[in-house]
Amino acid sequence: MKFAEDKKSATIEFTTAMVAGDYTVSVSGLTEKALTGSVKVEAEKLTKINFLSDIAVISGNNIVTNVTAENQYGELITKKLNTSNTNITGTTSKGSSVSIDNDGRLTVAGTSGLFKADDKVVVTVVDSSTGVTATKTLTVAQAASVQSITTGEFKTDDEVLAAKPLNVANYDASKFYMPVEVKDQYGNVLKAADLNGSVTVTSSNKEILNPATTVFVDTDNGVVAQFQAAPTAQTYGTAVLTFVAAATGKTASASVTIKDNYKLDVVSLETPATELKVGKATELPVSITNTYGEQVALKDVTVGGSATALTLDTNTTINAIGANLSVVKDYINKKAVLKITPTAKNITLTLVTATGKSQVLSLTANDAPVVSGIKGVDADFVSLLANDASLSTTLNGHVDFVDQYGVAIDAPNYDATDATADLDYTIAPKTDSDVTTNVGGTISASTTAGNETYVVTLKKADGTVLDTQEVTVSVVDASKLTQFGISDANKFYTESTAAASYAQDLDIYGLVNGKKVLVNQDMAKDFTASNGLLGINALTGEYTPTTVDTDGKDVNSTIQVLVEAGTSTYVVTKDVVYSDATPKAASLAVELNQATAPAVVQATLVDGENIVTGSDNLAIFAKDQYGEVITDGYKFVITNNDTAQAISIDTDGTINIGGTLTSGKTFTINATIDGITKSVKVIVE
């Protein structure tokens with residue numbers, strides 16, 4: 001698949017012609033639901049046969065001319081005219097047989113002296129599979145002789161090489177060619193078979209440009225001259241190619257220049273757009289110009305050296321005092337960024353290019369980020385408890401902190417007894433109260449309803465208080481609760497042989513002004529389920545998979561719980577679904593760092609890791625209709641692998657890599673389970 005520059009469209013390329021039929025293309029990763037489109041493909045068929053000339057020239061005892069074929073889209077498919085194909089036949093008014101090769105060279109076989117100049121020969125070519133025919137009356141002419149030689153632009157079809165300057169490093173003789181058009185005295189364009197041996201090609205310097213042993217080859221776009229590696233060592237300069245047709249004296253020449261490898265000439269470092277902080281990596285803007293006067297992207301530069309003595313293309317250096325340097329490559333967006341991580345407040349960068357140009361850049365970094373303030377408590381903290389001494393909530397670990405710049409930062413150590421002289425935080429009640437108790441940051445309710453305020457104190461090692469935050473924990477009189485809810489549940493699997501993971505717990509909670517209150521589960525006095533659902537413990541609400549035949553269909557049920565609060569009893573309900581259908585994949589997810597992954601990711605895979613259950617980076621996993629992760633039964637197929645290493649993934653997700661993967665190389669993982677397939681292209685990080 002080849003994406004357009006604007007990334008708004010893509011062309012799907014196939015290695016062979018598509019089979020006729022209706023095709024559906026699905027694009028995932030752009031929206032929550034995959035985008036789909038359909039297209040009807042018609043089988044390629046031959047629709048037109050062309051004679052390129054009304055002249056047939058004598059070649060030994062035979063005569064030859066050239067033909068082409070086109071399909072319904074106007075594309076050349078001359079190879080389909082090869083008479084080795086049983087559906088292609090040729091007839092002639094003179095001579096014994098007609099043959100056509102892959103390049104469209106039509107030969108009428110004759111005997112000695114059969115064909116003479118100005119003879120008229122009628123030739124017909126028929127494709128019996130389509131009924132397409134072509135007939136031409138050919139005039140026999142003397143053997144072809146070269147009358148003109150025209151050369152084209154020296155080039156390559158390799159898109160990567162074509163985008164680079166033509167220098168020693170980028171020149172690959174096997175991938176470059178020069179179009180050559182040679183015509184005979186009748187205006188016919190000659191094929192490679194007519195030229196090899198009759199037209200010679202010489203180079204003024206084979207170390208720059210060395211013609212191949214068999215110079216001329218036919219291509220879909222005509223005859224080209226091909227090349228081979230230099231006899232000794234590739235060098236730079238201008239080579240003159242001379243084409244000579246010895247029989248007629250016709251000549252042509254073409255000059256090709258291969259440049260010396262460029263060097264980095266001007267490299268400029270700029271002050272970062274964001275403030276520098278000790279220990280924090282920041283982008284360091286850099287611009288590069290080579291000796292050709294061209295801008296060079298950092299992604300195209302070879303990086304080496306060390307963090308304090310970085311090298312670019314081996315001969316440009318950046319020495320750093322008070323900082324570490326690194327280059328981070330973003331293969332997805334095809335860019336690279338120079339990063340600077342200060343190790344001291346005063347920084348000096350000294351740069352010297354391959355051509356001797358230099359720059360000294362002095363920078364100043366701010367202090368390293370340290371915990372300096374309290375932002376608040378996170379959303380998971382439970383602040384409402386029923387008045388039951390068995391209930392508790394943990395405040396330790398749910399406090400969020402910021403550094404001196406107001407940016408979120410990891411929490412410091414929690415000091416439960418304020419006994420350590422260190423940067424840490426404590427949790428203590430603001431005033432004495434019997435509403436709650438605090439042990440090690442875990443706050444337990446008492447039987448007394450009310451509110452208690454705790455103070456989170458952030459202090460330095462010397463005891464200086466940096467910040468405080470008040471957090472209120474409320475204990476609610478459970479007997480006065482009038483609203484309750486039941487926790488969410490997955491679909492229930494009603495098969496007694498199901499794994500233990502299909503068991504579920506149904507918990508109740510109280511509600512005050514729409515906020516959840518943690519209550520003792522003993523308030524639930526009876527659990528029942530309607531419409532035939534079995535297996536729910538009437539006292540605890542625990543579900544144990546129990547066989548109920550649903551014939552593989554989903555069945556609706558309502559869970560009813562009787563909740564006792566004070567002198568009242570409340571009926572709480574929850575609609576659920578159950579089924580005995582065999583578990584199978586209902587969804588297949590691809591995640592990168594625990595977030596939904598795009599279609600192309602830059603990731604690290606480790607041999608022996610499990611991509612389903614244990615990968616730290618890239619994960620591919622399915623869940624069944626009951627919400628359980630499926631741990632085996634996958635089919636992983638690796639395609640488009642250009643890493644030069646064998647990569648496979650077992651049915652349980654275990655990754656097997658045959659060697660070290662090179663950064664920037666790619667492969668595609670195709671995961672299938674129960675008819676669901678997801679693919680992700682991986683660029684090695």
# chains A, B, ... in the order shown; residues from 1 in each chain; ligands from 1
>>> select_by_dssp(residues="region 35-128 of chain A", states="strand (DSSP E)", output="count of residues only")
50
>>> residues_around(residues="region 74-77 of chain A", least_positions_apart="4", cutoff="9 Å", atoms="only C-alpha atoms", output="PyMOL selection string")
chain A and resi 46-48+68-70+81+220
>>> residues_around(residues="Asn556 (chain A)", least_positions_apart="5", cutoff="7 Å", atoms="only C-alpha atoms", output="PyMOL selection string")
chain A and resi 576-578
>>> write_last_selection(atoms="N, CA, C and O atoms", output="mmCIF file, in the first residue's frame")
data_model
loop_
_atom_site.group_PDB
_atom_site.id
_atom_site.type_symbol
_atom_site.label_atom_id
_atom_site.label_comp_id
_atom_site.auth_asym_id
_atom_site.auth_seq_id
_atom_site.Cartn_x
_atom_site.Cartn_y
_atom_site.Cartn_z
ATOM 1 N N VAL A 576 -29.471 -7.636 33.299
ATOM 2 C CA VAL A 576 -28.266 -8.331 32.843
ATOM 3 C C VAL A 576 -28.627 -9.268 31.692
ATOM 4 O O VAL A 576 -29.799 -9.441 31.356
ATOM 5 N N VAL A 577 -27.594 -9.887 31.109
ATOM 6 C CA VAL A 577 -27.773 -10.830 30.005
ATOM 7 C C VAL A 577 -26.986 -12.093 30.324
ATOM 8 O O VAL A 577 -25.883 -12.024 30.880
ATOM 9 N N TYR A 578 -27.541 -13.267 29.958
ATOM 10 C CA TYR A 578 -26.790 -14.512 30.139
ATOM 11 C C TYR A 578 -26.928 -15.388 28.894
ATOM 12 O O TYR A 578 -27.824 -15.208 28.066
#
>>> select_by_dssp(residues="region 63-245 of chain A", states="helix (DSSP H, G or I)", output="PyMOL selection string")
chain A and resi 78-81+159-162+173-175+192-195
>>> residues_around(residues="Lys460 (chain A)", least_positions_apart="5", cutoff="8 Å", atoms="only C-alpha atoms", output="JSON, numbers by chain")
{"A": [421, 422, 423, 424, 465, 466]}
>>> residues_around(residues="Thr353 (chain A)", least_positions_apart="4", cutoff="8 Å", atoms="only C-alpha atoms", output="ChimeraX atom specification")
/A:264-267,315-317,357-358
>>> write_last_selection(atoms="N, CA, C and O atoms", output="PDB file, in the first residue's frame")
ATOM      1  N   LEU A 264      28.840  17.678   5.550  1.00  0.00           N
ATOM      2  CA  LEU A 264      28.048  18.689   6.245  1.00  0.00           C
ATOM      3  C   LEU A 264      28.880  19.961   6.327  1.00  0.00           C
ATOM      4  O   LEU A 264      29.960  19.971   6.908  1.00  0.00           O
ATOM      5  N   ASP A 265      28.351  21.025   5.758  1.00  0.00           N
ATOM      6  CA  ASP A 265      29.123  22.268   5.635  1.00  0.00           C
ATOM      7  C   ASP A 265      28.750  23.282   6.716  1.00  0.00           C
ATOM      8  O   ASP A 265      29.613  23.781   7.435  1.00  0.00           O
ATOM      9  N   VAL A 266      27.456  23.582   6.823  1.00  0.00           N
ATOM     10  CA  VAL A 266      26.990  24.548   7.821  1.00  0.00           C
ATOM     11  C   VAL A 266      25.948  23.866   8.698  1.00  0.00           C
ATOM     12  O   VAL A 266      24.909  23.421   8.208  1.00  0.00           O
ATOM     13  N   VAL A 267      26.242  23.777   9.988  1.00  0.00           N
ATOM     14  CA  VAL A 267      25.306  23.219  10.957  1.00  0.00           C
ATOM     15  C   VAL A 267      25.059  24.284  12.021  1.00  0.00           C
ATOM     16  O   VAL A 267      26.014  24.761  12.645  1.00  0.00           O
ATOM     17  N   ASN A 315      32.009  13.090  10.570  1.00  0.00           N
ATOM     18  CA  ASN A 315      33.035  14.132  10.494  1.00  0.00           C
ATOM     19  C   ASN A 315      32.567  15.509  10.955  1.00  0.00           C
ATOM     20  O   ASN A 315      33.263  16.503  10.777  1.00  0.00           O
ATOM     21  N   THR A 316      31.378  15.579  11.549  1.00  0.00           N
ATOM     22  CA  THR A 316      30.921  16.802  12.211  1.00  0.00           C
ATOM     23  C   THR A 316      30.680  16.456  13.669  1.00  0.00           C
ATOM     24  O   THR A 316      30.033  15.446  13.972  1.00  0.00           O
ATOM     25  N   THR A 317      31.195  17.289  14.584  1.00  0.00           N
ATOM     26  CA  THR A 317      31.110  16.956  16.006  1.00  0.00           C
ATOM     27  C   THR A 317      30.391  18.053  16.785  1.00  0.00           C
ATOM     28  O   THR A 317      30.486  19.233  16.462  1.00  0.00           O
ATOM     29  N   LYS A 357      33.812  24.756   9.706  1.00  0.00           N
ATOM     30  CA  LYS A 357      32.978  25.838  10.245  1.00  0.00           C
ATOM     31  C   LYS A 357      32.561  25.475  11.665  1.00  0.00           C
ATOM     32  O   LYS A 357      32.268  24.326  11.964  1.00  0.00           O
ATOM     33  N   SER A 358      32.534  26.478  12.558  1.00  0.00           N
ATOM     34  CA  SER A 358      32.301  26.191  13.966  1.00  0.00           C
ATOM     35  C   SER A 358      31.253  27.115  14.578  1.00  0.00           C
ATOM     36  O   SER A 358      30.931  28.178  14.034  1.00  0.00           O
TER      37      SER A 358
END
>>> residues_around(residues="region 592-608 of chain A", least_positions_apart="5", cutoff="8 Å", atoms="only C-alpha atoms", output="ChimeraX atom specification")
/A:28-30,330-332,615-619,654-657,679-685
>>> residues_around(residues="Lys116 (chain A)", least_positions_apart="6", cutoff="12 Å", atoms="only C-alpha atoms", output="MDAnalysis selection string")
chainID A and resid 56:63 94:95 110 139:143
>>> atom_distance(atom1="CA of Gly187 (chain A)", atom2="CA of Val146 (chain A)")
9.6 Å
>>> closest_residue(among="A:Lys525, A:Lys329, A:Lys206, A:Lys250", to="Ala230 (chain A)", atoms="only C-alpha atoms")
A:Lys206
>>> closest_residue(among="A:Thr453, A:Thr631, A:Ser501, A:Ser112", to="Gln469 (chain A)", atoms="only C-alpha atoms")
A:Thr453
>>> atom_distance(atom1="CA of Gly397 (chain A)", atom2="CA of Asp507 (chain A)")
24.1 Å
>>> atom_distance(atom1="CA of Glu270 (chain A)", atom2="CA of Gly356 (chain A)")
18.9 Å
